[in-house]
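Engineer: My structure file input17.csv, CSV, C-alpha atoms and all ligand atoms, is below:
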chain,number,residue,atom,x,y,z
A,1,MET,CA,-15.6,-15.4,5.5
A,2,ILE,CA,-17.9,-13.1,3.6
A,3,PRO,CA,-16.2,-9.9,2.7
A,4,PHE,CA,-18.2,-6.7,2.3
A,5,ILE,CA,-17.1,-6.5,-1.3
A,6,ASN,CA,-15.0,-9.0,-3.3
A,7,LEU,CA,-13.3,-7.7,-6.4
A,8,LYS,CA,-11.2,-10.8,-6.6
A,9,ARG,CA,-14.3,-12.4,-8.2
A,10,GLU,CA,-14.1,-10.2,-11.2
A,11,PRO,CA,-14.0,-12.8,-14.0
A,12,GLU,CA,-10.6,-14.1,-15.2
A,13,GLU,CA,-11.5,-13.4,-18.9
A,14,LEU,CA,-12.1,-9.8,-18.0
A,15,ASN,CA,-8.7,-9.6,-16.3
A,16,GLU,CA,-7.1,-10.8,-19.4
A,17,LYS,CA,-8.9,-8.4,-21.7
A,18,ILE,CA,-8.0,-5.6,-19.4
A,19,ILE,CA,-4.3,-6.6,-19.2
A,20,ASN,CA,-4.2,-6.7,-23.0
A,21,ALA,CA,-5.9,-3.3,-23.2
A,22,ILE,CA,-3.4,-1.8,-20.7
A,23,LYS,CA,-0.5,-3.3,-22.7
A,24,GLU,CA,-1.7,-1.5,-25.8
A,25,VAL,CA,-1.6,1.8,-23.9
A,26,VAL,CA,1.8,1.0,-22.6
A,27,GLU,CA,3.1,0.4,-26.1
A,28,GLU,CA,1.3,3.4,-27.5
A,29,LYS,CA,2.9,5.6,-24.8
A,30,TRP,CA,0.1,8.2,-24.8
A,31,PHE,CA,-1.2,8.5,-21.3
A,32,VAL,CA,-3.2,11.6,-20.7
A,33,LEU,CA,-6.0,13.2,-22.8
A,34,GLY,CA,-5.9,10.7,-25.6
A,35,GLU,CA,-8.2,8.7,-27.9
A,36,GLU,CA,-9.2,6.2,-25.3
A,37,LEU,CA,-10.6,8.9,-23.0
A,38,ILE,CA,-12.6,10.4,-25.9
A,39,LYS,CA,-14.0,7.0,-26.7
A,40,PHE,CA,-14.9,6.3,-23.1
A,41,GLU,CA,-16.5,9.7,-22.7
A,42,ASP,CA,-18.6,9.0,-25.7
A,43,GLU,CA,-19.5,5.5,-24.6
A,44,PHE,CA,-20.4,6.4,-21.0
A,45,SER,CA,-22.4,9.5,-21.9
A,46,ASN,CA,-24.2,7.4,-24.5
A,47,TYR,CA,-24.9,4.8,-21.9
A,48,ILE,CA,-26.4,7.3,-19.5
A,49,GLY,CA,-28.1,9.3,-22.3
A,50,THR,CA,-26.3,12.7,-22.4
A,51,LYS,CA,-24.6,14.4,-25.3
A,52,TYR,CA,-21.2,15.0,-23.6
A,53,GLY,CA,-18.9,13.5,-21.0
A,54,ILE,CA,-15.9,15.1,-19.3
A,55,GLY,CA,-13.6,12.5,-17.7
A,56,VAL,CA,-11.8,13.6,-14.6
A,57,ASN,CA,-9.7,12.2,-11.7
A,58,SER,CA,-12.5,11.4,-9.3
A,59,GLY,CA,-16.1,11.7,-8.5
A,60,SER,CA,-15.1,14.5,-6.0
A,61,ASP,CA,-13.5,16.4,-8.8
A,62,ALA,CA,-16.5,15.9,-11.1
A,63,LEU,CA,-18.7,17.5,-8.4
A,64,PHE,CA,-16.3,20.3,-7.8
A,65,ILE,CA,-15.8,21.1,-11.4
A,66,ALA,CA,-19.6,20.9,-12.1
A,67,ILE,CA,-20.3,23.5,-9.4
A,68,LYS,CA,-17.5,25.8,-10.6
A,69,SER,CA,-18.6,25.6,-14.2
A,70,LEU,CA,-22.0,26.9,-13.2
A,71,GLY,CA,-20.4,30.0,-11.8
A,72,ILE,CA,-21.5,29.2,-8.3
A,73,GLY,CA,-19.3,30.7,-5.6
A,74,LYS,CA,-19.2,33.2,-2.7
A,75,ASN,CA,-22.6,34.2,-1.3
A,76,ASP,CA,-24.4,31.5,-3.2
A,77,GLU,CA,-26.3,28.7,-1.6
A,78,VAL,CA,-26.7,25.1,-2.8
A,79,ILE,CA,-29.4,22.8,-1.5
A,80,THR,CA,-28.3,19.3,-0.7
A,81,VAL,CA,-28.4,16.6,2.0
A,82,SER,CA,-26.3,15.9,5.0
A,83,HIS,CA,-26.8,12.1,4.7
A,84,THR,CA,-24.2,11.5,2.0
A,85,PHE,CA,-20.5,11.0,1.4
A,86,ILE,CA,-18.4,14.1,2.3
A,87,SER,CA,-17.5,15.0,-1.3
A,88,THR,CA,-21.0,16.2,-2.1
A,89,VAL,CA,-20.7,19.0,0.4
A,90,ASP,CA,-17.0,19.6,-0.1
A,91,ALA,CA,-17.7,20.4,-3.7
A,92,ILE,CA,-20.0,23.2,-2.6
A,93,CYS,CA,-17.7,24.6,0.1
A,94,ARG,CA,-14.5,24.3,-1.9
A,95,ASN,CA,-16.2,26.7,-4.3
A,96,ASN,CA,-16.9,29.1,-1.3
A,97,ALA,CA,-20.6,28.5,-1.6
A,98,LYS,CA,-22.8,27.5,1.3
A,99,PRO,CA,-24.5,24.1,1.6
A,100,VAL,CA,-28.1,24.3,2.8
A,101,PHE,CA,-29.3,21.0,4.1
A,102,VAL,CA,-32.6,19.3,3.6
A,103,ASP,CA,-33.7,16.2,5.5
A,104,ILE,CA,-34.0,12.9,3.8
A,105,ASP,CA,-37.0,10.7,3.0
A,106,PRO,CA,-36.5,7.9,5.6
A,107,ALA,CA,-37.8,5.3,3.1
A,108,THR,CA,-35.2,6.0,0.3
A,109,PHE,CA,-32.5,7.8,2.2
A,110,CYS,CA,-32.5,10.4,-0.6
A,111,ILE,CA,-33.4,14.1,-0.3
A,112,ASN,CA,-37.0,14.7,0.8
A,113,ALA,CA,-38.0,16.8,-2.3
A,114,GLN,CA,-41.1,18.1,-0.5
A,115,LEU,CA,-38.9,20.0,1.9
A,116,ILE,CA,-36.8,21.8,-0.7
A,117,GLU,CA,-39.0,24.8,-1.5
A,118,ASP,CA,-38.9,25.9,2.1
A,119,LYS,CA,-35.1,26.3,1.9
A,120,ILE,CA,-35.0,28.4,-1.2
A,121,THR,CA,-33.7,32.0,-0.7
A,122,ASN,CA,-32.6,34.6,-3.2
A,123,LYS,CA,-29.1,33.2,-2.8
A,124,THR,CA,-30.0,29.7,-3.9
A,125,LYS,CA,-28.3,28.7,-7.1
A,126,ALA,CA,-28.6,25.0,-7.4
A,127,ILE,CA,-30.1,21.8,-6.0
A,128,MET,CA,-27.7,18.8,-5.6
A,129,PRO,CA,-29.6,15.6,-5.1
A,130,VAL,CA,-27.6,12.4,-4.3
A,131,HIS,CA,-28.9,9.1,-5.6
A,132,LEU,CA,-27.8,7.4,-2.4
A,133,TYR,CA,-27.0,3.7,-2.3
A,134,GLY,CA,-28.1,3.4,-5.9
A,135,HIS,CA,-31.7,4.6,-5.4
A,136,PRO,CA,-32.8,7.5,-7.6
A,137,ALA,CA,-33.9,10.8,-5.9
A,138,GLU,CA,-37.4,12.1,-6.7
A,139,MET,CA,-36.3,13.8,-9.9
A,140,ASP,CA,-39.6,15.0,-11.3
A,141,LEU,CA,-40.3,17.2,-8.3
A,142,ILE,CA,-36.7,18.4,-8.1
A,143,MET,CA,-36.7,19.4,-11.8
A,144,GLU,CA,-40.0,21.1,-11.4
A,145,ILE,CA,-38.8,23.2,-8.4
A,146,ALA,CA,-35.6,24.0,-10.3
A,147,ASN,CA,-37.6,25.2,-13.2
A,148,ASP,CA,-39.9,27.3,-11.1
A,149,TYR,CA,-37.1,29.0,-9.3
A,150,ASP,CA,-34.5,29.0,-12.1
A,151,LEU,CA,-32.0,26.8,-10.3
A,152,PHE,CA,-29.4,24.4,-11.6
A,153,VAL,CA,-29.5,20.7,-10.8
A,154,VAL,CA,-26.3,18.9,-10.2
A,155,GLU,CA,-26.9,15.2,-9.7
A,156,ASP,CA,-24.5,13.3,-7.5
A,157,ALA,CA,-24.8,9.9,-9.2
A,158,CYS,CA,-21.5,8.5,-7.8
A,159,GLN,CA,-23.4,5.5,-6.3
A,160,ALA,CA,-25.9,5.1,-9.1
A,161,HIS,CA,-24.4,4.1,-12.5
A,162,GLY,CA,-27.4,2.7,-14.4
A,163,ALA,CA,-30.1,3.5,-11.9
A,164,GLU,CA,-33.3,4.8,-13.5
A,165,TYR,CA,-36.0,7.3,-12.7
A,166,LYS,CA,-39.1,6.8,-15.0
A,167,SER,CA,-36.9,4.9,-17.5
A,168,LYS,CA,-34.3,7.7,-17.7
A,169,LYS,CA,-30.9,7.0,-16.3
A,170,VAL,CA,-30.0,9.2,-13.4
A,171,GLY,CA,-27.0,11.5,-13.9
A,172,GLY,CA,-28.6,12.4,-17.3
A,173,ILE,CA,-31.6,14.3,-16.0
A,174,GLY,CA,-30.2,17.5,-14.3
A,175,ASP,CA,-27.9,20.1,-15.8
A,176,ILE,CA,-24.8,18.1,-14.9
A,177,GLY,CA,-24.5,14.5,-13.6
A,178,CYS,CA,-21.4,13.4,-11.7
A,179,PHE,CA,-20.1,9.8,-11.4
A,180,SER,CA,-17.2,8.3,-9.5
A,181,PHE,CA,-15.2,5.3,-10.8
A,182,TYR,CA,-13.6,4.5,-7.5
A,183,PRO,CA,-12.8,0.8,-7.5
A,184,THR,CA,-15.7,-0.3,-5.4
A,185,LYS,CA,-18.4,1.6,-7.2
A,186,ASN,CA,-20.9,-0.1,-9.6
A,187,LEU,CA,-18.5,0.8,-12.4
A,188,GLY,CA,-15.0,0.9,-10.9
A,189,ALA,CA,-11.6,1.8,-12.4
A,190,TYR,CA,-8.3,0.3,-11.1
A,191,GLY,CA,-7.6,3.5,-9.2
A,192,ASP,CA,-9.4,6.8,-9.0
A,193,GLY,CA,-11.6,8.2,-11.8
A,194,GLY,CA,-14.8,10.2,-12.4
A,195,ILE,CA,-16.9,11.9,-15.1
A,196,ALA,CA,-19.3,14.8,-15.4
A,197,LEU,CA,-22.1,14.6,-17.9
A,198,SER,CA,-24.1,17.3,-19.6
A,199,ASN,CA,-26.2,18.1,-22.6
A,200,ASP,CA,-25.0,21.7,-22.7
A,201,GLU,CA,-22.2,22.4,-25.1
A,202,GLU,CA,-21.0,25.6,-23.3
A,203,LEU,CA,-20.9,24.0,-19.9
A,204,THR,CA,-19.0,21.0,-21.4
A,205,GLN,CA,-16.4,23.3,-22.9
A,206,LYS,CA,-16.0,25.1,-19.6
A,207,MET,CA,-15.6,21.8,-17.7
A,208,LYS,CA,-13.1,20.5,-20.2
A,209,MET,CA,-11.0,23.7,-19.6
A,210,LEU,CA,-11.5,23.5,-15.8
A,211,ARG,CA,-10.0,20.0,-15.7
A,212,ASN,CA,-7.0,21.1,-17.7
A,213,TYR,CA,-5.7,24.2,-15.9
A,214,GLY,CA,-8.3,26.5,-17.4
A,215,GLN,CA,-6.6,26.2,-20.8
A,216,ARG,CA,-8.5,26.8,-24.0
A,217,GLU,CA,-5.4,25.7,-25.9
A,218,LYS,CA,-1.9,25.1,-24.7
A,219,TYR,CA,-0.6,27.9,-22.4
A,220,ASN,CA,-3.6,30.1,-23.0
A,221,HIS,CA,-5.3,30.1,-19.6
A,222,GLU,CA,-8.7,31.8,-19.5
A,223,PHE,CA,-9.4,31.1,-15.9
A,224,MET,CA,-8.0,29.2,-13.0
A,225,GLY,CA,-8.5,25.5,-13.3
A,226,VAL,CA,-7.2,22.3,-11.9
A,227,ASN,CA,-5.3,19.2,-13.1
A,228,SER,CA,-7.9,16.5,-13.2
A,229,ARG,CA,-8.0,14.2,-16.2
A,230,LEU,CA,-9.1,10.5,-16.5
A,231,ASP,CA,-6.0,8.9,-17.8
A,232,GLU,CA,-5.8,6.5,-20.8
A,233,ILE,CA,-5.1,3.4,-18.7
A,234,GLN,CA,-8.2,4.0,-16.5
A,235,ALA,CA,-10.1,4.8,-19.7
A,236,VAL,CA,-9.4,1.4,-21.4
A,237,ILE,CA,-10.2,-0.4,-18.1
A,238,LEU,CA,-13.5,1.4,-17.9
A,239,ARG,CA,-14.3,0.8,-21.5
A,240,GLU,CA,-13.9,-3.0,-21.0
A,241,LYS,CA,-15.9,-2.9,-17.8
A,242,LEU,CA,-18.7,-0.8,-19.1
A,243,LYS,CA,-19.7,-3.7,-21.3
A,244,HIS,CA,-20.6,-5.6,-18.2
A,245,ILE,CA,-22.4,-3.0,-16.1
A,246,ASP,CA,-26.0,-4.0,-16.9
A,247,LYS,CA,-25.3,-7.6,-16.1
A,248,TRP,CA,-23.6,-6.7,-12.8
A,249,ASN,CA,-26.4,-4.3,-11.8
A,250,GLU,CA,-28.8,-7.2,-12.6
A,251,ASN,CA,-26.8,-9.4,-10.3
A,252,ARG,CA,-27.0,-6.8,-7.5
A,253,ARG,CA,-30.8,-6.6,-8.0
A,254,LYS,CA,-31.1,-10.4,-7.8
A,255,SER,CA,-29.0,-10.4,-4.6
A,256,ALA,CA,-31.3,-7.7,-3.1
A,257,LYS,CA,-34.3,-9.9,-3.9
A,258,ILE,CA,-32.8,-12.9,-2.1
A,259,TYR,CA,-31.9,-10.7,0.9
A,260,GLU,CA,-35.5,-9.5,0.8
A,261,LYS,CA,-36.9,-13.0,0.9
A,262,VAL,CA,-34.7,-14.2,3.8
A,263,LEU,CA,-35.1,-11.0,5.8
A,264,SER,CA,-38.8,-10.4,5.4
A,265,ASN,CA,-41.1,-10.3,8.5
A,266,LEU,CA,-38.4,-9.4,10.9
A,267,ASP,CA,-38.1,-6.4,13.1
A,268,LEU,CA,-36.0,-4.4,10.7
A,269,CYS,CA,-36.5,-2.2,7.6
A,270,LEU,CA,-35.3,-3.3,4.3
A,271,PRO,CA,-34.4,-1.1,1.3
A,272,ILE,CA,-37.3,-0.3,-1.0
A,273,GLU,CA,-37.6,0.5,-4.6
A,274,MET,CA,-40.0,3.3,-5.3
A,275,ARG,CA,-42.5,3.0,-8.1
A,276,ASN,CA,-41.1,4.0,-11.5
A,277,THR,CA,-37.5,3.7,-10.4
A,278,LYS,CA,-34.7,1.2,-10.8
A,279,HIS,CA,-32.5,0.7,-7.8
A,280,VAL,CA,-28.9,-0.5,-8.6
A,281,TYR,CA,-28.0,-1.5,-5.0
A,282,HIS,CA,-24.6,0.0,-4.8
A,283,LEU,CA,-25.2,-0.7,-1.2
A,284,TYR,CA,-27.8,-2.9,0.6
A,285,VAL,CA,-28.7,-0.9,3.7
A,286,ILE,CA,-31.0,-2.2,6.3
A,287,ARG,CA,-32.2,-0.3,9.4
A,288,CYS,CA,-32.3,-2.0,12.7
A,289,LYS,CA,-32.2,-1.6,16.5
A,290,GLU,CA,-28.9,-2.3,18.3
A,291,ARG,CA,-27.1,-1.9,15.0
A,292,TYR,CA,-23.6,-2.3,16.6
A,293,LYS,CA,-24.6,-5.5,18.4
A,294,LEU,CA,-25.8,-7.0,15.1
A,295,GLN,CA,-22.6,-5.8,13.3
A,296,LYS,CA,-20.5,-7.6,15.9
A,297,LEU,CA,-22.5,-10.8,15.8
A,298,LEU,CA,-22.0,-10.9,12.0
A,299,LEU,CA,-18.3,-10.1,12.2
A,300,ASP,CA,-17.9,-12.9,14.8
A,301,ASN,CA,-19.2,-15.1,12.1
A,302,GLY,CA,-16.9,-13.8,9.4
A,303,ILE,CA,-19.3,-11.4,7.8
A,304,GLU,CA,-18.1,-7.9,7.1
A,305,THR,CA,-20.6,-5.0,7.2
A,306,GLN,CA,-20.1,-1.3,7.0
A,307,ILE,CA,-22.0,1.9,8.0
A,308,HIS,CA,-22.8,4.5,5.3
A,309,TYR,CA,-22.5,6.9,7.1
A,310,PRO,CA,-22.2,7.0,10.8
A,311,THR,CA,-22.0,10.8,11.2
A,312,PRO,CA,-24.0,13.2,9.1
A,313,ILE,CA,-21.9,15.8,7.2
A,314,HIS,CA,-23.3,18.8,9.1
A,315,LEU,CA,-21.9,17.3,12.3
A,316,GLN,CA,-18.4,16.6,10.8
A,317,LYS,CA,-15.7,18.8,12.1
A,318,PRO,CA,-15.1,21.1,9.1
A,319,TYR,CA,-18.8,21.9,8.9
A,320,LEU,CA,-19.9,22.0,12.6
A,321,LYS,CA,-19.7,25.8,12.9
A,322,ALA,CA,-21.1,26.8,9.5
A,323,VAL,CA,-24.3,24.8,9.7
A,324,ARG,CA,-25.0,24.2,13.3
A,325,LYS,CA,-28.7,25.1,13.1
A,326,SER,CA,-29.7,22.4,10.7
A,327,GLN,CA,-32.7,20.4,12.0
A,328,LEU,CA,-32.4,17.1,10.3
A,329,LEU,CA,-34.2,14.5,12.4
A,330,GLU,CA,-34.6,11.8,9.8
A,331,THR,CA,-30.9,12.2,8.9
A,332,ILE,CA,-29.8,11.7,12.5
A,333,ARG,CA,-32.2,8.8,13.1
A,334,ALA,CA,-31.0,7.0,9.9
A,335,CYS,CA,-27.3,7.4,11.0
A,336,ASP,CA,-28.1,5.6,14.2
A,337,GLU,CA,-29.9,2.6,12.6
A,338,ILE,CA,-28.3,1.8,9.3
A,339,LEU,CA,-26.1,-1.2,8.5
A,340,SER,CA,-24.8,-2.0,5.0
A,341,LEU,CA,-24.7,-5.8,4.3
A,342,PRO,CA,-22.3,-7.4,1.9
A,343,MET,CA,-23.2,-6.5,-1.7
A,344,HIS,CA,-21.3,-6.9,-5.0
A,345,PRO,CA,-22.1,-8.6,-8.3
A,346,TRP,CA,-20.7,-12.0,-7.4
A,347,LEU,CA,-22.4,-12.7,-4.1
A,348,THR,CA,-23.8,-16.2,-4.1
A,349,GLU,CA,-27.3,-17.3,-2.9
A,350,GLU,CA,-25.6,-19.4,-0.2
A,351,GLU,CA,-23.7,-16.5,1.1
A,352,ILE,CA,-26.8,-14.3,1.3
A,353,ASN,CA,-28.8,-17.1,3.0
A,354,PHE,CA,-26.0,-17.5,5.5
A,355,VAL,CA,-26.1,-13.8,6.3
A,356,GLY,CA,-29.9,-13.9,6.5
A,357,GLU,CA,-30.0,-16.8,8.9
A,358,LEU,CA,-27.6,-15.2,11.3
A,359,ILE,CA,-29.6,-11.9,11.3
A,360,LYS,CA,-32.8,-13.9,11.9
A,361,CYS,CA,-31.2,-15.4,15.1
A,362,HIS,CA,-30.4,-11.9,16.3
A,363,VAL,CA,-33.5,-9.9,15.7
B,1,LIG,C1,-17.8,7.9,-3.9
B,1,LIG,C2,-18.6,9.1,-3.8
B,1,LIG,C3,-18.2,10.4,-4.1
B,1,LIG,C4,-16.7,10.7,-4.4
B,1,LIG,O1,-16.2,10.0,-5.4
B,1,LIG,P1,-14.6,9.8,-5.4
B,1,LIG,O2,-14.3,9.2,-6.8
B,1,LIG,O3,-14.2,8.8,-4.3
B,1,LIG,O4,-14.0,11.1,-5.3
B,1,LIG,C5,-19.1,11.4,-4.1
B,1,LIG,N1,-20.3,11.3,-3.7
B,1,LIG,C6,-20.8,10.1,-3.4
B,1,LIG,C7,-22.3,9.9,-3.0
B,1,LIG,C8,-20.0,8.9,-3.4
B,1,LIG,O5,-20.5,7.7,-3.0
Produce structure tokens that represent the structure in this file.
Ligand SMILES: *Cc1c(COP(=O)(O)O)cnc(C)c1O
Structural biologist:
Amino acid sequence: MIPFINLKREPEELNEKIINAIKEVVEEKWFVLGEELIKFEDEFSNYIGTKYGIGVNSGSDALFIAIKSLGIGKNDEVITVSHTFISTVDAICRNNAKPVFVDIDPATFCINAQLIEDKITNKTKAIMPVHLYGHPAEMDLIMEIANDYDLFVVEDACQAHGAEYKSKKVGGIGDIGCFSFYPTKNLGAYGDGGIALSNDEELTQKMKMLRNYGQREKYNHEFMGVNSRLDEIQAVILREKLKHIDKWNENRRKSAKIYEKVLSNLDLCLPIEMRNTKHVYHLYVIRCKERYKLQKLLLDNGIETQIHYPTPIHLQKPYLKAVRKSQLLETIRACDEILSLPMHPWLTEEEINFVGELIKCHV
């Protein structure tokens, strides 16, 4: 049995450290907006390379609050991709703005930056690249276009903690970078969590108020906000786990190398790492023909796989009407061919070889 992800392999010493850290919070009895959150916000923003961090309840909330803090709303357009997790697009629509979809680069599964300029109108306010699967989007070109047209850039880095574009960590390049700490992400809490990062003091202030009912101080509400704070228990867990993220990302990269070795020269496409980038393999996604047949063969042999994602967002029910006209050929083609193989920091070489040998028999 090879599960898709196996958090039970998190080291026992880490469990102990975390249980002790949680115990301290339990004894302290301060659970929301405390010292631990401030420390984690400092440590994580430091890790990525931004001045400020705003801990929130989820990656989805980080994205929503980011768009709101930029004043993007009704009659505004935001350029993004349809090949992503739903939250990217929800964050735009929940702010009453309109998502405008650009097709993906079939090699990286990220936004095809060459196609962005074509979609810019006088309503466009921001570009929202997604560093999908842990591979950085083409940030140089995206930032250049944003500069030329005076647009904001909000990075969805929910799958890319520690990924690098030209030696800069993603999530620290645009105006705001958003991360999720959902348990299965490269840095995962023991529940929901997220953070928005920025170098802009004013935006940071605004996001801090937005996550806390729009309050500047207690019971003085300047605008409508939400209740979305990263709590102290999640903050201590994340502080412990942050110490290990580079090692865990290295393990993922090693596993990807082994997959690459066993799966080379077959009739399928393997993930690539563009020059000047560092992929952190949140997911290891191959493209193949007869994807469901391969998935079943693997499952019959105890190997779990997943599909990220089988239906593009513009074809999901809530969005069907709004954006019917999108022509996204590469997006649609990818959705039909992708298969995510088991990937986590504690995968063994034997396990990868076993998966590889089975795939070899099929393709
Ligand atoms: C996980 C994820 C999100 C949402 O994060 P949550 O913490 O689950 O709300 C957003 N975008 C992408 C690309 C993700 O993978």
Engineer: Around the point (-24.6, -13.1, 15.5), in the coordinates given by the file, pick out the residues reaching within 8 Å, counting only C-alpha atoms, and return them as number ranges by chain.
Structural biologist: A: 294-301, 358-359, 361-362
Engineer: Give me, as CSV, each residue of range 135-187 of chain A that comes within 12 Å of range 89-92 of chain A, together with its shortest interatomic pair and the distance in Å at one decimal, counting only C-alpha atoms, with rows ordered by chain and rising residue number.
Structural biologist:
residue,atom,partner,partner_atom,distance
A:Val154,CA,A:Ile92,CA,10.8
A:Asp156,CA,A:Val89,CA,10.5
A:Cys178,CA,A:Ala91,CA,11.3
Engineer: In Å, rounded to a single decimal, give me how far CA of Asn276 in chain A is from CA of Thr108 in chain A.
Structural biologist: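 For CA of Thr108 in chain A relative to CA of Asn276 in chain A, the distance reads 13.3 Å.
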Engineer: Can you work out which residues are within 7 Å of ligand LIG 1 (chain B), considering only C-alpha atoms and all ligand atoms, and then hand them over as a CSV table (one decimal) with C-alpha atoms, in the coordinates of the input?
Structural biologist:
chain,number,residue,atom,x,y,z
A,58,SER,CA,-12.5,11.4,-9.3
A,59,GLY,CA,-16.1,11.7,-8.5
A,60,SER,CA,-15.1,14.5,-6.0
A,61,ASP,CA,-13.5,16.4,-8.8
A,84,THR,CA,-24.2,11.5,2.0
A,85,PHE,CA,-20.5,11.0,1.4
A,86,ILE,CA,-18.4,14.1,2.3
A,87,SER,CA,-17.5,15.0,-1.3
A,88,THR,CA,-21.0,16.2,-2.1
A,130,VAL,CA,-27.6,12.4,-4.3
A,132,LEU,CA,-27.8,7.4,-2.4
A,156,ASP,CA,-24.5,13.3,-7.5
A,157,ALA,CA,-24.8,9.9,-9.2
A,158,CYS,CA,-21.5,8.5,-7.8
A,159,GLN,CA,-23.4,5.5,-6.3
A,180,SER,CA,-17.2,8.3,-9.5
A,181,PHE,CA,-15.2,5.3,-10.8
A,182,TYR,CA,-13.6,4.5,-7.5
A,192,ASP,CA,-9.4,6.8,-9.0
A,193,GLY,CA,-11.6,8.2,-11.8
A,194,GLY,CA,-14.8,10.2,-12.4
Engineer: Closest to Lys360 in chain A among A:Tyr259, A:Phe44, A:Tyr319, A:Tyr149, using only C-alpha atoms?
Structural biologist: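 Among A:Tyr259, A:Phe44, A:Tyr319, A:Tyr149, it is A:Tyr259 that comes nearest to Lys360 in chain A.
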Engineer: Give me, as CSV, the closest atom pair and its distance (Å, one decimal) for every residue of range 162-205 of chain A within a cut-off of 12 Å of range 70-73 of chain A, counting only C-alpha atoms, rows sorted by chain and rising number.
Structural biologist:
residue,atom,partner,partner_atom,distance
A:Asp175,CA,A:Leu70,CA,9.4
A:Ile176,CA,A:Leu70,CA,9.4
A:Ser198,CA,A:Leu70,CA,11.7
A:Asp200,CA,A:Leu70,CA,11.2
A:Glu202,CA,A:Leu70,CA,10.2
A:Leu203,CA,A:Leu70,CA,7.4
A:Thr204,CA,A:Leu70,CA,10.5
A:Gln205,CA,A:Leu70,CA,11.8
Engineer: Provide the CA of Thr305 in chain A to CA of Trp248 in chain A distance in Å, to one decimal place.
Structural biologist: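 Interatomic distance, CA of Thr305 in chain A to CA of Trp248 in chain A: 20.3 Å.
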Engineer: Of the candidates A:Met1, A:Glu24, A:Gln114, A:Lys206, which shows the shortest atom-to-atom distance to Phe354 in chain A, using only C-alpha atoms?
Structural biologist: A:Met1
Engineer: List every protein, DNA or RNA residue that has an atom no more than 12 Å from (-6.0, 22.7, -21.3) in the file's coordinate frame, counting only C-alpha atoms, and report them as a PyMOL selection string.
Structural biologist: chain A and resi 32-33+205-229
Engineer: Complete the atom set of range 265-275 of chain A to N, CA, C and O atoms and return it as a PDB file, in the frame of the given file.
Structural biologist:
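New file rebuild26.pdb:
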ATOM      1  N   ASN A 265     -40.400 -10.046   7.200  1.00  0.00           N
ATOM      2  CA  ASN A 265     -41.100 -10.300   8.500  1.00  0.00           C
ATOM      3  C   ASN A 265     -40.251 -10.335   9.700  1.00  0.00           C
ATOM      4  O   ASN A 265     -40.538 -11.039  10.661  1.00  0.00           O
ATOM      5  N   LEU A 266     -39.176  -9.582   9.676  1.00  0.00           N
ATOM      6  CA  LEU A 266     -38.400  -9.400  10.900  1.00  0.00           C
ATOM      7  C   LEU A 266     -38.493  -7.998  11.361  1.00  0.00           C
ATOM      8  O   LEU A 266     -38.994  -7.130  10.639  1.00  0.00           O
ATOM      9  N   ASP A 267     -38.001  -7.755  12.559  1.00  0.00           N
ATOM     10  CA  ASP A 267     -38.100  -6.400  13.100  1.00  0.00           C
ATOM     11  C   ASP A 267     -36.960  -5.532  12.601  1.00  0.00           C
ATOM     12  O   ASP A 267     -36.107  -5.082  13.345  1.00  0.00           O
ATOM     13  N   LEU A 268     -36.945  -5.343  11.296  1.00  0.00           N
ATOM     14  CA  LEU A 268     -36.000  -4.400  10.700  1.00  0.00           C
ATOM     15  C   LEU A 268     -36.552  -3.866   9.382  1.00  0.00           C
ATOM     16  O   LEU A 268     -37.498  -4.419   8.825  1.00  0.00           O
ATOM     17  N   CYS A 269     -35.983  -2.766   8.899  1.00  0.00           N
ATOM     18  CA  CYS A 269     -36.500  -2.200   7.600  1.00  0.00           C
ATOM     19  C   CYS A 269     -35.505  -2.525   6.526  1.00  0.00           C
ATOM     20  O   CYS A 269     -34.292  -2.377   6.654  1.00  0.00           O
ATOM     21  N   LEU A 270     -36.078  -2.972   5.426  1.00  0.00           N
ATOM     22  CA  LEU A 270     -35.300  -3.300   4.300  1.00  0.00           C
ATOM     23  C   LEU A 270     -35.332  -2.202   3.238  1.00  0.00           C
ATOM     24  O   LEU A 270     -36.262  -1.390   3.260  1.00  0.00           O
ATOM     25  N   PRO A 271     -34.362  -2.141   2.334  1.00  0.00           N
ATOM     26  CA  PRO A 271     -34.400  -1.100   1.300  1.00  0.00           C
ATOM     27  C   PRO A 271     -35.646  -1.282   0.426  1.00  0.00           C
ATOM     28  O   PRO A 271     -36.101  -2.403   0.227  1.00  0.00           O
ATOM     29  N   ILE A 272     -36.174  -0.177  -0.050  1.00  0.00           N
ATOM     30  CA  ILE A 272     -37.300  -0.300  -1.000  1.00  0.00           C
ATOM     31  C   ILE A 272     -36.940   0.329  -2.309  1.00  0.00           C
ATOM     32  O   ILE A 272     -35.982   1.091  -2.423  1.00  0.00           O
ATOM     33  N   GLU A 273     -37.722  -0.055  -3.306  1.00  0.00           N
ATOM     34  CA  GLU A 273     -37.600   0.500  -4.600  1.00  0.00           C
ATOM     35  C   GLU A 273     -38.861   1.242  -4.954  1.00  0.00           C
ATOM     36  O   GLU A 273     -39.902   0.603  -5.072  1.00  0.00           O
ATOM     37  N   MET A 274     -38.784   2.570  -5.045  1.00  0.00           N
ATOM     38  CA  MET A 274     -40.000   3.300  -5.300  1.00  0.00           C
ATOM     39  C   MET A 274     -40.549   3.004  -6.684  1.00  0.00           C
ATOM     40  O   MET A 274     -39.796   2.623  -7.577  1.00  0.00           O
ATOM     41  N   ARG A 275     -41.862   3.215  -6.838  1.00  0.00           N
ATOM     42  CA  ARG A 275     -42.500   3.000  -8.100  1.00  0.00           C
ATOM     43  C   ARG A 275     -41.799   3.818  -9.209  1.00  0.00           C
ATOM     44  O   ARG A 275     -41.348   4.932  -8.938  1.00  0.00           O
TER      45      ARG A 275
END
